[in-house]
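Source file: run-v1.csv. Holds: CSV, C-alpha atoms.
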```csv
chain,number,residue,atom,x,y,z
A,1325,MET,CA,51.5,13.5,41.0
A,1326,LYS,CA,53.2,10.5,42.5
A,1327,LEU,CA,52.7,9.6,46.2
A,1328,LYS,CA,56.4,10.1,47.0
A,1329,GLN,CA,56.4,13.5,45.4
A,1330,LEU,CA,53.3,14.6,47.3
A,1331,GLU,CA,54.8,13.3,50.6
A,1332,GLY,CA,58.0,15.1,49.8
A,1333,LEU,CA,56.3,18.5,49.2
A,1334,LEU,CA,54.2,18.1,52.4
A,1335,GLY,CA,57.4,17.4,54.3
A,1336,GLY,CA,58.6,20.8,53.5
A,1337,LEU,CA,55.7,22.6,55.1
A,1338,THR,CA,56.3,24.7,58.3
A,1339,GLN,CA,54.6,23.2,61.3
A,1340,PHE,CA,53.3,24.8,64.5
A,1341,PRO,CA,56.3,26.3,66.4
A,1342,ALA,CA,54.4,26.1,69.7
A,1343,PRO,CA,51.4,23.7,69.6
A,1344,LYS,CA,48.4,24.7,71.8
A,1345,VAL,CA,47.4,21.9,74.1
A,1346,GLU,CA,43.8,23.0,74.5
A,1347,LEU,CA,43.3,22.8,70.8
A,1348,GLU,CA,45.0,19.4,70.5
A,1349,GLN,CA,47.2,20.8,67.7
A,1350,TYR,CA,48.9,17.6,66.6
A,1351,PRO,CA,50.5,18.2,63.2
A,1352,THR,CA,49.3,15.9,60.4
A,1353,GLY,CA,52.6,14.3,59.3
A,1354,PRO,CA,53.4,14.1,55.6
A,1355,HIS,CA,53.3,10.3,55.6
A,1356,ILE,CA,49.6,10.2,56.8
A,1357,ALA,CA,48.5,13.3,55.0
A,1358,SER,CA,49.8,12.1,51.6
A,1359,ARG,CA,48.2,8.7,51.9
A,1360,MET,CA,44.9,10.1,53.0
A,1361,LEU,CA,44.6,12.5,50.1
A,1362,TYR,CA,46.2,10.1,47.6
A,1363,THR,CA,43.6,7.4,48.5
A,1364,ALA,CA,40.7,10.0,48.3
A,1365,GLU,CA,41.7,10.8,44.8
A,1366,ASN,CA,42.9,7.6,43.3
A,1367,SER,CA,40.3,5.2,44.8
A,1368,PHE,CA,37.3,7.6,44.9
A,1369,ASP,CA,37.9,10.6,42.6
A,1370,ASP,CA,37.0,12.9,45.5
A,1371,ILE,CA,39.7,15.6,45.1
A,1372,THR,CA,40.8,16.6,41.6
A,1373,GLY,CA,38.3,19.2,40.1
A,1374,LYS,CA,36.4,19.3,43.4
A,1375,VAL,CA,35.6,21.9,46.1
A,1376,VAL,CA,37.4,20.7,49.2
A,1377,ALA,CA,37.2,22.0,52.7
A,1378,ASP,CA,39.8,21.2,55.4
A,1379,PHE,CA,38.2,21.4,58.9
A,1380,GLY,CA,40.7,22.5,61.6
A,1381,CYS,CA,43.3,23.0,58.9
A,1382,GLY,CA,46.1,24.0,61.3
A,1383,CYS,CA,49.1,24.9,59.2
A,1384,GLY,CA,47.3,23.7,56.2
A,1385,THR,CA,48.8,20.2,55.4
A,1386,LEU,CA,45.6,18.6,54.1
A,1387,ALA,CA,44.4,21.7,52.3
A,1388,VAL,CA,47.8,22.0,50.6
A,1389,ALA,CA,47.7,18.3,49.7
A,1390,SER,CA,44.3,18.8,48.1
A,1391,ALA,CA,45.5,21.8,46.1
A,1392,LEU,CA,48.5,19.8,45.0
A,1393,LEU,CA,46.2,17.1,43.7
A,1394,ASP,CA,44.3,19.8,41.7
A,1395,ALA,CA,41.3,20.4,43.7
A,1396,GLU,CA,39.5,23.2,41.9
A,1397,HIS,CA,38.8,25.2,45.1
A,1398,VAL,CA,40.2,24.6,48.6
A,1399,ILE,CA,39.0,26.2,51.8
A,1400,GLY,CA,40.8,25.8,55.1
A,1401,ILE,CA,39.0,26.6,58.4
A,1402,ASP,CA,40.6,27.0,61.8
A,1403,ILE,CA,39.9,28.6,65.2
A,1404,ASP,CA,43.5,29.6,65.7
A,1405,PRO,CA,44.6,32.7,63.8
A,1406,GLN,CA,48.3,31.9,64.0
A,1407,SER,CA,47.7,28.5,62.3
A,1408,LEU,CA,45.9,30.3,59.5
A,1409,GLU,CA,48.8,32.6,59.0
A,1410,LEU,CA,51.1,29.6,58.8
A,1411,ALA,CA,48.7,27.9,56.3
A,1412,GLN,CA,48.7,31.1,54.2
A,1413,GLU,CA,52.5,31.1,54.1
A,1414,ASN,CA,52.7,27.4,53.4
A,1415,SER,CA,50.3,27.6,50.4
A,1416,ALA,CA,52.0,30.8,49.1
A,1417,ASP,CA,55.4,29.1,49.2
A,1418,LEU,CA,54.0,26.4,46.9
A,1419,GLU,CA,52.2,29.0,44.8
A,1420,LEU,CA,48.8,27.5,45.6
A,1421,ASP,CA,45.6,29.5,46.2
A,1422,ILE,CA,43.7,28.4,49.3
A,1423,ASP,CA,40.9,30.3,50.9
A,1424,LEU,CA,41.0,30.5,54.6
A,1425,ILE,CA,38.2,31.2,57.2
A,1426,TRP,CA,38.8,32.0,60.8
A,1427,SER,CA,36.0,30.2,62.5
A,1428,ASP,CA,35.1,27.7,65.2
A,1429,ILE,CA,33.9,24.5,63.4
A,1430,LYS,CA,30.9,24.1,65.6
A,1431,SER,CA,29.5,27.6,64.6
A,1432,LEU,CA,30.4,27.2,60.9
A,1433,ASN,CA,27.5,28.0,58.5
A,1434,LEU,CA,28.1,26.9,54.9
A,1435,LYS,CA,25.2,27.0,52.6
A,1436,GLY,CA,24.2,25.3,49.3
A,1437,PHE,CA,26.2,22.1,49.5
A,1438,LEU,CA,28.9,23.7,47.4
A,1439,VAL,CA,31.6,21.7,49.2
A,1440,ASP,CA,32.1,18.3,47.6
A,1441,THR,CA,34.6,16.8,50.0
A,1442,VAL,CA,35.6,17.5,53.6
A,1443,VAL,CA,39.0,16.4,54.8
A,1444,MET,CA,40.1,16.7,58.4
A,1445,ASN,CA,42.4,15.6,61.1
A,1446,PRO,CA,40.1,16.5,64.0
A,1447,PRO,CA,41.2,16.9,67.6
A,1448,PHE,CA,40.9,13.4,69.0
A,1449,GLY,CA,38.7,14.7,71.9
A,1450,THR,CA,41.1,13.5,74.6
A,1451,ARG,CA,41.5,17.0,76.0
A,1452,LYS,CA,38.1,18.4,75.2
A,1453,LYS,CA,35.6,15.6,75.2
A,1454,GLY,CA,33.4,15.4,72.1
A,1455,ALA,CA,35.5,17.8,70.0
A,1456,ASP,CA,36.0,15.0,67.4
A,1457,MET,CA,32.2,14.5,67.2
A,1458,GLU,CA,31.6,18.1,66.6
A,1459,PHE,CA,33.9,18.0,63.6
A,1460,LEU,CA,32.4,14.8,62.2
A,1461,SER,CA,28.8,16.0,62.6
A,1462,MET,CA,29.6,19.3,60.8
A,1463,GLY,CA,31.5,17.6,58.1
A,1464,LEU,CA,28.5,15.4,57.3
A,1465,LYS,CA,26.3,18.5,57.2
A,1466,VAL,CA,28.5,20.4,54.8
A,1467,ALA,CA,29.9,17.8,52.4
A,1468,SER,CA,27.9,16.7,49.4
A,1469,GLN,CA,30.1,13.8,48.4
A,1470,ALA,CA,32.5,12.5,51.1
A,1471,VAL,CA,34.2,13.1,54.4
A,1472,TYR,CA,37.7,11.9,55.1
A,1473,SER,CA,38.8,11.9,58.7
A,1474,LEU,CA,41.2,10.3,61.2
A,1475,HIS,CA,40.1,8.9,64.5
A,1476,LYS,CA,41.7,6.8,67.1
A,1477,THR,CA,41.3,3.1,66.4
A,1478,SER,CA,40.2,2.5,70.0
A,1479,THR,CA,37.1,4.6,69.2
A,1480,ARG,CA,36.1,2.7,66.0
A,1481,GLU,CA,32.7,1.3,67.1
A,1482,HIS,CA,31.7,4.6,68.7
A,1483,ILE,CA,32.5,6.6,65.6
A,1484,LYS,CA,30.7,4.2,63.3
A,1485,LYS,CA,27.6,4.3,65.4
A,1486,ALA,CA,27.5,8.1,65.7
A,1487,ALA,CA,28.1,8.6,62.0
A,1488,LEU,CA,25.4,6.2,60.9
A,1489,ARG,CA,22.8,6.8,63.6
A,1490,ASP,CA,23.3,10.4,64.7
A,1491,PHE,CA,24.8,12.2,61.8
A,1492,GLY,CA,22.9,10.6,58.9
A,1493,ALA,CA,25.9,9.1,57.1
A,1494,VAL,CA,24.8,6.5,54.5
A,1495,SER,CA,28.1,4.7,54.8
A,1496,ALA,CA,31.1,4.8,57.2
A,1497,GLU,CA,34.1,2.8,56.2
A,1498,VAL,CA,37.6,2.4,57.6
A,1499,LEU,CA,40.0,2.5,54.7
A,1500,CYS,CA,43.1,1.6,56.6
A,1501,GLU,CA,44.8,1.8,59.9
A,1502,LEU,CA,47.8,4.1,60.2
A,1503,ARG,CA,50.4,4.7,62.9
A,1504,TYR,CA,50.3,8.2,64.2
A,1505,ASP,CA,53.8,8.8,65.4
A,1506,LEU,CA,53.5,11.9,67.5
A,1507,PRO,CA,56.9,13.4,68.2
A,1508,GLN,CA,57.0,14.7,71.8
A,1509,SER,CA,54.8,17.7,71.1
A,1510,TYR,CA,53.7,18.3,74.7
A,1511,LYS,CA,55.3,18.1,78.1
A,1512,PHE,CA,52.7,15.6,79.4
A,1513,HIS,CA,53.8,13.1,76.8
A,1514,LYS,CA,56.3,11.1,78.9
A,1515,LYS,CA,57.7,8.8,76.3
A,1516,ARG,CA,59.8,10.4,73.5
A,1517,GLU,CA,57.5,9.2,70.8
A,1518,VAL,CA,53.9,8.2,71.3
A,1519,ASP,CA,52.7,5.8,68.7
A,1520,ILE,CA,48.9,5.9,68.3
A,1521,ALA,CA,46.9,3.7,66.0
A,1522,VAL,CA,44.4,5.8,64.0
A,1523,ASP,CA,41.8,4.8,61.4
A,1524,LEU,CA,41.4,6.6,58.1
A,1525,TRP,CA,37.7,6.9,57.5
A,1526,ARG,CA,35.6,7.6,54.5
A,1527,PHE,CA,32.0,8.7,55.3
A,1528,VAL,CA,29.3,9.3,52.7
A,1529,PRO,CA,26.7,11.9,53.7
A,1530,LYS,CA,23.0,11.4,52.8
A,1531,ALA,CA,22.1,12.4,49.2
A,1532,ARG,CA,21.6,16.1,48.7
A,1533,ARG,CA,19.8,18.4,46.4
A,1534,SER,CA,21.1,22.0,46.1
A,1535,SER,CA,18.7,24.5,47.6
B,1382,MET,CA,38.6,35.0,50.1
B,1383,ARG,CA,37.2,34.4,46.7
B,1384,LEU,CA,33.6,34.9,45.7
B,1385,LEU,CA,33.0,31.2,45.5
B,1386,THR,CA,33.7,31.0,49.2
B,1387,HIS,CA,31.5,34.1,49.8
B,1388,ASN,CA,28.7,32.4,47.9
B,1389,MET,CA,28.4,29.6,50.6
B,1390,LEU,CA,29.4,31.5,53.7
B,1391,ALA,CA,26.7,32.5,56.1
B,1392,SER,CA,26.6,34.0,59.6
B,1393,ASN,CA,25.6,31.9,62.6
B,1394,VAL,CA,25.3,34.8,65.0
B,1395,ARG,CA,22.5,34.5,67.6
B,1396,GLY,CA,19.4,36.2,66.1
B,1397,ALA,CA,20.2,35.5,62.5
B,1398,THR,CA,17.5,33.6,60.6
B,1399,THR,CA,19.4,32.6,57.5
B,1400,GLY,CA,22.5,34.8,57.9
B,1401,TYR,CA,22.7,34.8,54.1
B,1402,PRO,CA,23.9,36.3,51.9
B,1403,LEU,CA,26.5,38.2,53.7
B,1404,LYS,CA,26.8,41.8,52.5
B,1405,LEU,CA,30.3,42.3,51.1
B,1406,GLU,CA,32.1,45.6,51.8
B,1407,ALA,CA,35.5,45.4,50.3
B,1408,THR,CA,38.2,48.0,50.5
B,1409,LYS,CA,40.8,46.0,48.6
B,1410,PHE,CA,40.8,43.1,46.2
B,1411,VAL,CA,43.3,41.6,43.7
B,1412,THR,CA,42.7,39.4,40.7
B,1413,LYS,CA,44.8,36.4,39.8
B,1414,GLU,CA,44.3,34.4,36.7
B,1415,VAL,CA,43.6,30.6,36.9
B,1416,GLU,CA,42.8,28.1,34.2
B,1417,LEU,CA,39.1,27.8,33.3
B,1418,ASN,CA,37.6,24.4,33.9
B,1419,ALA,CA,34.2,24.2,32.1
B,1420,ASP,CA,33.3,20.8,33.5
B,1421,PHE,CA,33.8,22.0,37.0
B,1422,LEU,CA,31.6,25.1,36.3
B,1423,ARG,CA,28.9,23.0,34.8
B,1424,GLY,CA,28.6,21.0,38.0
B,1425,LEU,CA,28.9,24.0,40.2
B,1426,LEU,CA,26.6,26.5,38.6
B,1427,PRO,CA,23.3,24.9,39.6
B,1428,LYS,CA,24.4,25.3,43.2
B,1429,ILE,CA,25.5,28.9,43.0
B,1430,ASP,CA,23.2,31.6,44.4
B,1431,TRP,CA,23.3,33.9,41.4
B,1432,ARG,CA,21.8,37.0,43.2
B,1433,ALA,CA,24.5,36.7,45.9
B,1434,LEU,CA,27.2,36.4,43.3
B,1435,VAL,CA,26.0,39.4,41.4
B,1436,ALA,CA,25.6,41.5,44.6
B,1437,ALA,CA,29.2,40.6,45.5
B,1438,THR,CA,30.6,41.7,42.2
B,1439,ARG,CA,28.6,45.0,42.3
B,1440,ALA,CA,29.9,45.6,45.9
B,1441,LEU,CA,33.4,45.4,44.4
B,1442,GLY,CA,32.4,48.1,41.8
B,1443,LEU,CA,32.3,45.6,39.0
B,1444,SER,CA,28.9,46.5,37.9
B,1445,GLU,CA,29.3,45.4,34.3
B,1446,LEU,CA,30.8,41.9,35.1
B,1447,LEU,CA,27.6,39.9,35.5
B,1448,PRO,CA,24.0,40.5,34.3
B,1449,GLU,CA,21.2,40.7,36.8
B,1450,GLU,CA,19.6,37.5,35.2
B,1451,GLN,CA,21.7,34.4,34.9
B,1452,PRO,CA,22.4,33.6,31.3
B,1453,SER,CA,21.0,30.3,30.0
B,1454,GLU,CA,23.1,27.1,30.2
B,1455,GLU,CA,23.1,26.9,26.4
B,1456,GLU,CA,24.7,30.3,26.2
B,1457,ILE,CA,27.2,29.7,29.1
B,1458,PHE,CA,28.4,26.3,27.8
B,1459,ALA,CA,28.1,27.0,24.1
B,1460,GLU,CA,31.0,25.4,22.2
B,1461,GLY,CA,34.1,27.5,22.1
B,1462,ALA,CA,32.7,30.1,24.6
B,1463,ALA,CA,35.5,29.4,27.0
B,1464,ASP,CA,38.0,30.7,24.4
B,1465,VAL,CA,36.1,33.9,23.7
B,1466,ASP,CA,37.1,37.0,25.7
B,1467,GLY,CA,34.2,38.5,27.6
B,1468,SER,CA,31.9,35.4,27.1
B,1469,ALA,CA,29.5,34.6,29.9
B,1470,ILE,CA,31.5,31.5,31.0
B,1471,ARG,CA,34.7,33.6,31.2
B,1472,ARG,CA,33.0,36.2,33.3
B,1473,ILE,CA,31.5,33.7,35.7
B,1474,HIS,CA,34.8,31.9,36.0
B,1475,HIS,CA,36.5,35.3,36.7
B,1476,ALA,CA,33.9,36.3,39.3
B,1477,LEU,CA,34.0,33.0,41.2
B,1478,LEU,CA,37.6,32.1,41.1
B,1479,GLU,CA,39.9,34.9,40.1
B,1480,ILE,CA,38.9,37.7,42.5
B,1481,HIS,CA,40.5,37.6,45.9
B,1482,VAL,CA,39.0,40.0,48.5
B,1483,GLN,CA,41.9,41.1,50.7
B,1484,GLU,CA,40.4,43.7,53.1
B,1485,GLY,CA,36.9,44.7,54.0
B,1486,SER,CA,34.0,43.1,55.8
B,1487,LEU,CA,31.0,40.8,55.6
B,1488,VAL,CA,27.8,42.0,57.2
B,1489,CYS,CA,25.1,39.7,58.4
B,1490,PRO,CA,21.8,40.6,56.6
B,1491,ASP,CA,19.7,39.8,59.7
B,1492,THR,CA,21.6,41.3,62.6
B,1493,ASN,CA,24.1,43.7,60.9
B,1494,ARG,CA,26.9,42.0,62.8
B,1495,CYS,CA,30.1,42.8,61.0
B,1496,PHE,CA,32.7,40.2,60.3
B,1497,PRO,CA,36.0,41.8,59.2
B,1498,ILE,CA,38.2,40.4,56.4
B,1499,ASP,CA,41.9,40.9,57.3
B,1500,LYS,CA,44.7,39.8,54.9
B,1501,GLY,CA,42.1,37.9,52.9
B,1502,ILE,CA,40.8,35.9,55.9
B,1503,PRO,CA,37.2,36.5,57.1
B,1504,ASN,CA,37.0,36.5,60.8
B,1505,MET,CA,33.8,34.6,61.6
B,1506,MET,CA,34.5,34.1,65.3
B,1507,LEU,CA,31.6,34.7,67.6
B,1508,HIS,CA,31.7,35.9,71.2
B,1509,GLU,CA,30.3,33.6,73.9
B,1510,ASP,CA,27.1,35.6,74.1
B,1511,GLU,CA,26.5,35.6,70.4
B,1512,VAL,CA,26.3,31.8,70.1
```
Please render this file's structure as structure tokens.
Amino acid sequence: MKLKQLEGLLGGLTQFPAPKVELEQYPTGPHIASRMLYTAENSFDDITGKVVADFGCGCGTLAVASALLDAEHVIGIDIDPQSLELAQENSADLELDIDLIWSDIKSLNLKGFLVDTVVMNPPFGTRKKGADMEFLSMGLKVASQAVYSLHKTSTREHIKKAALRDFGAVSAEVLCELRYDLPQSYKFHKKREVDIAVDLWRFVPKARRSS
Amino acid sequence: MRLLTHNMLASNVRGATTGYPLKLEATKFVTKEVELNADFLRGLLPKIDWRALVAATRALGLSELLPEEQPSEEEIFAEGAADVDGSAIRRIHHALLEIHVQEGSLVCPDTNRCFPIDKGIPNMMLHEDEV
């Protein structure tokens, strides 16, 4: 599938009608999502034929993108049941099969390293401090192959240190810097559009043997 | 929820030791055909908990689908097996990827905490005092 085609299909997904501030439900736009998954597949072979989990899947953009790129099995996990319903509708509209789990990421318990690749657009941790770190730490516990994530460029050094030192990643690499153009999702955003620089990261977890 | 997801999902409720495997109680499931990918299964199978998979299929009333003992790799990946109806690889593929549990529940083996499955989505949310 071509990048433009992927971006076009993702652009047709239904987004949150009423984003929840406390969960930092920023939608992952089709531009960023398509580049993220396209890079994961074309540069690293981490999607096609793999088991992929989308942490904090929201309306399912990254999960759908993974399924469109022929991931063999896709699991979306979110704490918000309305988001999961949307994700279900979005995947059904494109005739994709995505498994969904209603769970808090921090209490998730996935055994056996069956997940190859974790993809996520975590809360940036601006409303709830440390939320981004909970996601990253769990991603590196669950994935056997790679974790793709978006984090604010302003937190780059902090992310790198935490991943390598605290969460046991063997590598943490910024693949590119993207502009996250947030349409005015919430009332506290004063400007009409808030442009945030975010990094697309690829983390490699420590080598695993199945148990 | 398909049985591949069930095969990795565990409960994290307070008091659980492993929380695995979750006992499946299904009241409704559907099957949907998907293309078999032998290379994918070859990489996946060593990581699958066979007992948990067999228990899940039996819980769905599919007592004949998988044998108690896992067939050998030679048998599963024998040339042409993927094209033979009823071969081990077809059955394993069917069990892992073609069965969608729609309604039912998952029960923690250590605590008996019940996690309902509603419209195919298991609800693994814990209350504050269960974390």
Residues of chain A within 8 Å of chain B, using only C-alpha atoms, as number ranges by chain? A: 1373-1374, 1396, 1399, 1403, 1423-1428, 1431-1438, 1534-1535
Just to confirm, what's the straight-line distance from atom CA of Ala1467 of chain A to atom CA of Gly1400 of chain A in Å (one decimal)?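 So the answer is 13.8 Å.
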Nearest residue to Pro1448 of chain B out of B:Pro1490, B:Ala1463, B:Thr1398, B:Arg1432, using only C-alpha atoms?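 Looking only at the distances to Pro1448 of chain B, the closest residue turns out to be B:Arg1432.
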For Lys1344 of chain A, which residue among A:Ser1468, A:Ser1358, A:Ser1407, A:Ser1367 is the nearest when counting only C-alpha atoms?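 Among A:Ser1468, A:Ser1358, A:Ser1407, A:Ser1367, it is A:Ser1407 that comes nearest to Lys1344 of chain A.
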Write out as a PyMOL selection string each polymer residue whose atoms come within 8 Å of Ala1476 of chain B, counting all atoms listed in the file; drop sequence neighbours fewer than 5 positions from it. chain B and resi 1384+1434+1438+1446
Atom CA of Ala1411 of chain A to atom CA of Leu1347 of chain A, distance in Å rounded to a single decimal: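 That distance, rounded to one decimal, is 16.3 Å.
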